[in-house]
Each structure stands twice: as structure tokens, then as C-alpha cells.
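Here is the structure we will look at, set down as C-alpha cells.
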Amino acid sequence: MKRNLLSVFAILLLLTFLAAPVSAWQGRMAGAGDAYGLIEDESDYLTHPAVIAMGKGFNAYGHYRLTYNNTAKWDYSLNIPDYDYTSFKADGYEWKNEGLLGTVFQLGAGRMGVFFEYMGISGKYKGDENEIYEGDDYYYYTFKMKDRLDNFSLRLIYGLPVGAVNLGAEIQLAYRNEKKETSMLDFDWYEGNVAKNYPWGVNDNPWYNLFPYMIPYKSNYWEAQGKVSAAGMIGAAKYAFTLKGGLPFASDNKYTGGDDEDGIMNWEGKVKGFNIGGDFWLRIPLSNAVALPFVVSAGYRQIKRDGDYWWDATSVDTYGHEVKNLFVELGGGIDFTPAKGTRLAAGLYYAYLFAKENAYFDWDDLEDDSYSPDYHYTYSDYPKNAQHRLTLKMLAEKELTPVFVLRGGLSAFYGWVKSDYTSAAIEYGWPYYPMAISLSGYNMGVNASMGATVKLNKVSLEPFLNAGYVKYKVNGDGTYDEDLLQMKLDKVNWLVGGGLSVRF
């Protein structure tokens with residue numbers, strides 16, 4: 001039903017813009033490989049609010065983008081030579097919808113932008129798991145996973161010139177609905193048993209553990225975001241600088257997990273966290289035909305989810321789930337205009353990407369103070385992931401006629417990956433089944449795009465298409481309850497997408 005409603009919305013949006021004197025803008029960047037910061041574009045003020053002050057008059061905008069992400073392979077395996085071998089194999093797909101409607105107009109000494117933005121993700125995956133226990137017994141399981149996201153945002157942008165500097169700010173109010181879910185059907189161990197969001201895989205149950213795929217949750221919350229920005233000239237060079245931050249509020253979080261044998265429980269709690277970041281773009285002209293663009297960006301985001309489930313007045317289960325993300329990116333390139341209506345650009349960028357995810361599940365008998373908690377199941381690094389990535393971006397743009405522009409972009413990246421997975425169970429103060437693994441490998445991908453601009457009087461239409469390939473592969477070894485352990489993760493994705501932007 002949700003996908004049908006989104007399709008109807010997209011069709012109505014397209015017909016509305018085609019029937020009115022309107023056209024595109026973000027489509028130019030999508031057709032050029034999303035080369036933000038490499039070439040100048042009107043949509044730059046979505047990153048740097050101060051840039052909006054450089055425009056004039058009234059404008060209206062629309063943008064819709066659809067991406068299909070086919071996960072052809074998503075496998076991981078655990079090999080404990082003295083214990084068992086567990087092999088998980090999955091595949092699936094994800095649909096991503098992005099839409100934006102907005103307008104910019106003169107307000108006082110500056111310009112005001114009002115935008116409504118939506119992003120939705122719907123992913124479904126299925127797989128099977130085969131376990132060979134101590135070389136003799138064989139067990140078979142099937143599992144399913146879902147990934148849902150609905151983000152709605154209202155963005156208010158304002159910029160005005162103050163002397164030689166343009167100042168800007170953005171206030172954003174967003175509503176976020178997020179859900180990850182796993183379920184497993186057990187044909188052998190407990191025949192017909194269904195495990196949903198199973199949280200106790202560290203308790204001698206690695207064949208039930210789907211956390212290397214995703215740690216489940218169901219959250220909805222509001223989030224307030226803010227930006228302050230400045231843009232101007234340093235001699236002949238252009239710069240734009242923006243600081244941003246935000247935090248969630250009015251949140252609700254739920255974790256529903258367990259199995260048919262032991263029961264399903266609901267932990268209910270809140271979502272807390274914050275995010276901060278900044279962007280700095282610098283553009284140095286060497287001549288009328290050549291400019292050197294540079295980009296520096298950084299951001300940090302932390303989200304904490306929690307919940308509790310009371311069995312009675314003296315017995316409680318609690319849980320927590322924390323995600324930390326850090327990125328730093330810097331690089332530069334060359335923007336070359338060899339002739340009027342022709343543009344070539346290329347850039348090389350380095351990024352450091354760090355992500356850490358952890359979760360715990362506790363049970364505590366409040367009448368017994370001997371241990372607190374009595375049972376503690378922890379996934380302390382699940383995973384802790386660091387990646388050093390190089391990305392190459394190239395684009396070409398050619399005005400074939402005064403009303404038609406053709407463009408294309410190509411990007412490729414390669415990342416060196418290090419990952420750690422650590423977990424353990426503690427019952428009444430006694431640790432058992434601890435697991436610690438270090439993995440290494442790579443993450444690589446390539447994406448090609450093409451697009452066009454069709455100018456119809458005051459209207460611009462910008463259709464675009466893109467396709468890509470991504471492969472992630474890591475492996476390594478460690479220990480599981482003092483036994484040697486080997487682990488592998490292998491994921492392959494094919495992407496195809498397209499859309500239309502309009503502007504007038």
C-alpha cells in the first residue's frame with residue numbers, strides 16, 4: 001500500500017510540474033554523478049545556506065529520485081573448528097524514494113527558501129542458514145529481514161548579504177520513522193520455532209544470531225536541525241563555510257524480541273543523541289577557463305536507544321543500543337571549461353569512515369543484590385568498523401543547442417576496511433562464550449550516470465539515470481570461548497535509478 005501511494009504521489013508530482021511553467025535543478029548534479037563541491041550549482045545552498053543570498057527573484061523547485069538496490073549476495077559464516085560451522089546466505093532488494101518540493105523568494109534584504117523533503121527506504125531480504133554441529137549433526141534454518149525508513153523534513157533557509165559577506169541559516173524540523181526487523185524459522189533444533197529479533201545469540205546460540213546483518217529496533221522521533229553559514233570571496237577565490245547540528249526529541253523506541261519457546265518480550269524506551277558537523281568549500285580560479293575546487297567535510301552522529309520490560313515489581317529486563325558514526329572527507333580537483341558550453345571536471349577525495357554499534361540485554365532480580373544484573377548479554381563491538389577510502393569523480397557537460405544540455409558522470413571508490421566483532425554472556429557474574437574477532441578487507445564500487453537539461457522558455461527539465469556496483473568483503477579470525485574462530489562477510493549490490501528535477 002505504501003509503495004502504491006508513493007507511486008501515485010510521484011505521478012501527480014510529475015504531471016503537476018509538466019502542466020505548469022516549471023522545471024529542474026538537482027537533476028543536473030544527479031546526472032553529473034552527484035559531484036557536489038566539484039562544480040558550482042544552484043542547489044549548493046542546500047549544503048551552504050549563505051549561497052541562497054546570491055540568487056535573485058522567485059523560483060520554484062521539484063525533485064524526485066527512485067533507486068533500486070539489488071543485494072545479489074549477502075553472506076557471512078562462522079567456522080569454529082572444534083565446535084561447529086555456521087553459514088548464512090541471503091539476498092534481497094531495497095527501494096529508495098526521494099522527493100523535494102520548494103520555493104525561494106525575496107524577503108527583506110535577503111532571500112528565503114521553504115522546502116518539504118521526503119526520503120523513504122523499503123528493504124526486504126531472505127536467506128537460509130546451515131549449521132554443522134561438531135561435524136555430525138546438521139541443522140537448517142530460514143530467515144527474513146526488513147529495513148524500513150520514512151523521513152519527512154520541513155526546511156527553512158534564509159540568507160542575506162552583509163557587506164562583502166553573505167550570511168545564512170537553516171532551521172529544519174524532521175519526523176523520522178525507522179524499523180529493522182529479523183525473523184528466523186527453525187526446522188530442526190526446536191521444530192517449527194520462530195525467533196523474532198532474537199537478542200541472545202551470544203548465549204551459545206550463534207546459529208540464531210542475525211546481528212552481523214542488523215541489530216533490530218523500531219523507533220519514531222522528531223529531530224531539530226540547524227545550520228549557520230557564511231560565503232564570500234578571499235581575493236579571487238570563492239569560499240562557503242557551514243556549521244550544523246541537531247538532536248532528537250519526543251521519541252518512542254520499542255524492541256520486540258524472543259522466540260516461541262521462551263516467549264516474546266517488548267522493551268519500550270526512548271531515543272537520545274545528537275549530531276554535529278561542518279562543510280568548507282573553496283574555489284580558486286587559475287584563469288577564465290580553469291578553477292581548482294577543494295572540499296573539507298566532517299560529521300559525527302550518536303544515537304542511543306533503550307527500553308525495559310517488567311516481569312513484575314521485582315524483576316526487570318533492560319536493553320540499550322548505541323550507534324556512533326564519524327566521517328572526515330577532504331580532496332580537490334580541477335574544473336575546466338575549454339570552450340563555451342563545454343565543461344570537464346575531475347576530483348580525487350580521501351575519506352575516513354568510522355562506525356561503532358553496540359547493544360546489551362540484561363535481566364535483574366531486584367530482590368537479590370548478589371549480582372547486578374543477574375544476566376548480562378553484550379555485543380560491545382558489533383561491529384567497530386574503520387575505513388580509509390579514496391574516491392575518484394569525473395564528469396563532462398556539453399551544451400548541444402541553446403535549449404539542450406547533455407552530461408555524464410563516473411565515480412569509483414576503493415576502501416581499506418578493518419572491523420572488530422566482540423560479544424559475551426555473563427550469568428551471575430560468571431562470563432562465558434566470549435567472542436572476539438578482527439576482520440580486514442575492502443569495500444569498492446563504481447557508479448555511472450547521465451542526464452540532460454531541456455530548457456523551455458523559463459522552464460528547465462532535468463531527467464537523469466544512474467547505475468552502479470558495490471562489493472564489500474572482509475574476513476579474519478579470533479576466539480570463541482577459547483576456541484579458534486574464523487569469520488567471513490561478503491556482500492554484492494547492483495544499483496539502478498533515475499528521476500526528474502524541475503525548476504522555474
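Following the order of the C-alpha cells, first chain is A, next is B, and so on, with residues numbered from 1 inside each chain and ligands from 1 in the order they appear.
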
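Residues in contact with segment 403-408 of chain A at up to 6 Å, not including ones fewer than 4 positions away on its chain and judged by only C-alpha atoms, are Gly31, Ala32, Leu395, Ala396, Glu397, Lys398, Glu399, Ser449, Met450, Gly451, Ala452, Thr453, Val454 and Lys455 of chain A.
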
Contacts of Ser315 of chain A at 12 Å (only C-alpha atoms; same-chain gap of 4+ positions) as a PyMOL selection string: chain A and resi 308-311+362-368+372-375

Output C-alpha atoms of each residue in that selection to a file, as an mmCIF file, in the first residue's frame.
```
data_model
loop_
_atom_site.group_PDB
_atom_site.id
_atom_site.type_symbol
_atom_site.label_atom_id
_atom_site.label_comp_id
_atom_site.auth_asym_id
_atom_site.auth_seq_id
_atom_site.Cartn_x
_atom_site.Cartn_y
_atom_site.Cartn_z
ATOM 1 C CA ASP A 308 12.775 -2.016 29.689
ATOM 2 C CA TYR A 309 10.326 -4.843 30.242
ATOM 3 C CA TRP A 310 8.940 -5.527 33.725
ATOM 4 C CA TRP A 311 8.055 -9.128 34.541
ATOM 5 C CA ASP A 362 20.076 -7.538 30.908
ATOM 6 C CA TRP A 363 17.861 -9.343 33.381
ATOM 7 C CA ASP A 364 17.887 -8.268 37.036
ATOM 8 C CA ASP A 365 16.198 -9.737 40.107
ATOM 9 C CA LEU A 366 15.833 -6.635 42.250
ATOM 10 C CA GLU A 367 15.305 -8.675 45.443
ATOM 11 C CA ASP A 368 18.712 -10.346 45.056
ATOM 12 C CA SER A 372 23.539 -6.708 39.229
ATOM 13 C CA PRO A 373 22.461 -7.551 36.667
ATOM 14 C CA ASP A 374 21.997 -11.290 37.089
ATOM 15 C CA TYR A 375 22.200 -11.920 33.341
#
```

Residue neighbourhood Met54 of chain A, 10 Å, only C-alpha atoms, exclusion window fewer than 3 positions, as a VMD selection string: chain A and resid 42 45 50 to 51 110 to 111 159 to 161 166 231 to 232

Generate a file of the selected residues that holds N, CA and C atoms, formatted as a JSON list (two decimals), in the first residue's frame.
```json
[["chain", "number", "residue", "atom", "x", "y", "z"],
["A", 42, "GLU", "N", 23.30, 25.71, -8.58],
["A", 42, "GLU", "CA", 22.32, 26.48, -7.82],
["A", 42, "GLU", "C", 21.90, 25.74, -6.54],
["A", 45, "TYR", "N", 23.08, 25.78, -2.16],
["A", 45, "TYR", "CA", 22.60, 26.35, -0.91],
["A", 45, "TYR", "C", 21.85, 25.34, -0.04],
["A", 50, "ALA", "N", 24.13, 30.17, 3.09],
["A", 50, "ALA", "CA", 24.51, 31.53, 2.73],
["A", 50, "ALA", "C", 24.50, 31.75, 1.22],
["A", 51, "VAL", "N", 24.68, 30.68, 0.45],
["A", 51, "VAL", "CA", 24.73, 30.80, -1.01],
["A", 51, "VAL", "C", 23.38, 31.23, -1.58],
["A", 110, "GLY", "N", 17.19, 39.91, 2.13],
["A", 110, "GLY", "CA", 17.74, 38.63, 1.70],
["A", 110, "GLY", "C", 16.74, 37.78, 0.96],
["A", 111, "ARG", "N", 17.02, 36.48, 0.88],
["A", 111, "ARG", "CA", 16.14, 35.54, 0.19],
["A", 111, "ARG", "C", 15.80, 34.40, 1.13],
["A", 159, "GLY", "N", 19.13, 33.67, 3.70],
["A", 159, "GLY", "CA", 20.46, 34.24, 3.52],
["A", 159, "GLY", "C", 20.36, 35.69, 3.10],
["A", 160, "LEU", "N", 21.34, 36.49, 3.51],
["A", 160, "LEU", "CA", 21.34, 37.90, 3.12],
["A", 160, "LEU", "C", 22.78, 38.38, 3.06],
["A", 161, "PRO", "N", 23.05, 39.37, 2.18],
["A", 161, "PRO", "CA", 24.40, 39.96, 2.11],
["A", 161, "PRO", "C", 24.62, 40.94, 3.26],
["A", 166, "ASN", "N", 28.15, 37.01, 2.53],
["A", 166, "ASN", "CA", 26.78, 36.51, 2.59],
["A", 166, "ASN", "C", 26.64, 35.60, 3.80],
["A", 231, "ALA", "N", 29.48, 32.81, 3.22],
["A", 231, "ALA", "CA", 30.04, 32.62, 1.88],
["A", 231, "ALA", "C", 30.49, 33.97, 1.34],
["A", 232, "GLY", "N", 31.57, 33.94, 0.61],
["A", 232, "GLY", "CA", 32.08, 35.19, 0.05],
["A", 232, "GLY", "C", 33.35, 34.97, -0.75]]
```

Sel. of strand (DSSP E or B) residues, segment 183-309 of chain A, as a PyMOL selection string: chain A and resi 183-186+193-196+217-234+237-259+263-269+271-285+290-309

Give me, as CSV, the closest atom pair and its distance (Å, one decimal) for every residue of segment 84-179 of chain A within a cut-off of 8 Å of segment 203-220 of chain A, counting only C-alpha atoms, rows sorted by chain and rising number.
```
residue,atom,partner,partner_atom,distance
A:Thr86,CA,A:Trp207,CA,6.3
A:Glu129,CA,A:Trp207,CA,7.5
A:Glu131,CA,A:Trp207,CA,6.9
A:Tyr175,CA,A:Asn220,CA,7.5
A:Arg176,CA,A:Asn220,CA,5.5
A:Asn177,CA,A:Asn220,CA,4.3
A:Glu178,CA,A:Ser219,CA,5.2
A:Lys179,CA,A:Lys218,CA,4.3
```

Given only C-alpha atoms, how would the per-residue table for segment 409-435 of chain A near segment 349-355 of chain A read, listing every residue at most 12 Å away with its closest atom pair and distance in Å to one decimal, sorted by chain and number, as CSV?
```
residue,atom,partner,partner_atom,distance
A:Ser411,CA,A:Tyr349,CA,10.8
A:Ala412,CA,A:Tyr349,CA,10.6
A:Phe413,CA,A:Tyr349,CA,9.2
A:Tyr414,CA,A:Tyr350,CA,10.0
A:Gly415,CA,A:Ala351,CA,8.9
A:Trp416,CA,A:Tyr352,CA,9.9
A:Val417,CA,A:Leu353,CA,9.3
A:Lys418,CA,A:Phe354,CA,9.7
A:Ser419,CA,A:Ala355,CA,9.4
A:Asp420,CA,A:Ala355,CA,10.7
```

Expected file: the selected residues, C-alpha atoms, as a compact mmCIF listing (two decimals), in the first residue's frame:
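Contents of result-v1.txt, freshly written:
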```txt
# COMPACT_ATOMS: atom_id res chain seq x y z
CA SER A 411 32.78 7.79 -9.95
CA ALA A 412 34.74 4.93 -8.44
CA PHE A 413 35.93 4.25 -4.91
CA TYR A 414 38.07 1.78 -3.03
CA GLY A 415 38.17 1.46 0.74
CA TRP A 416 40.51 -0.42 3.07
CA VAL A 417 38.36 -1.86 5.88
CA LYS A 418 39.12 -3.02 9.43
CA SER A 419 36.32 -4.49 11.55
CA ASP A 420 36.03 -5.91 15.07
```
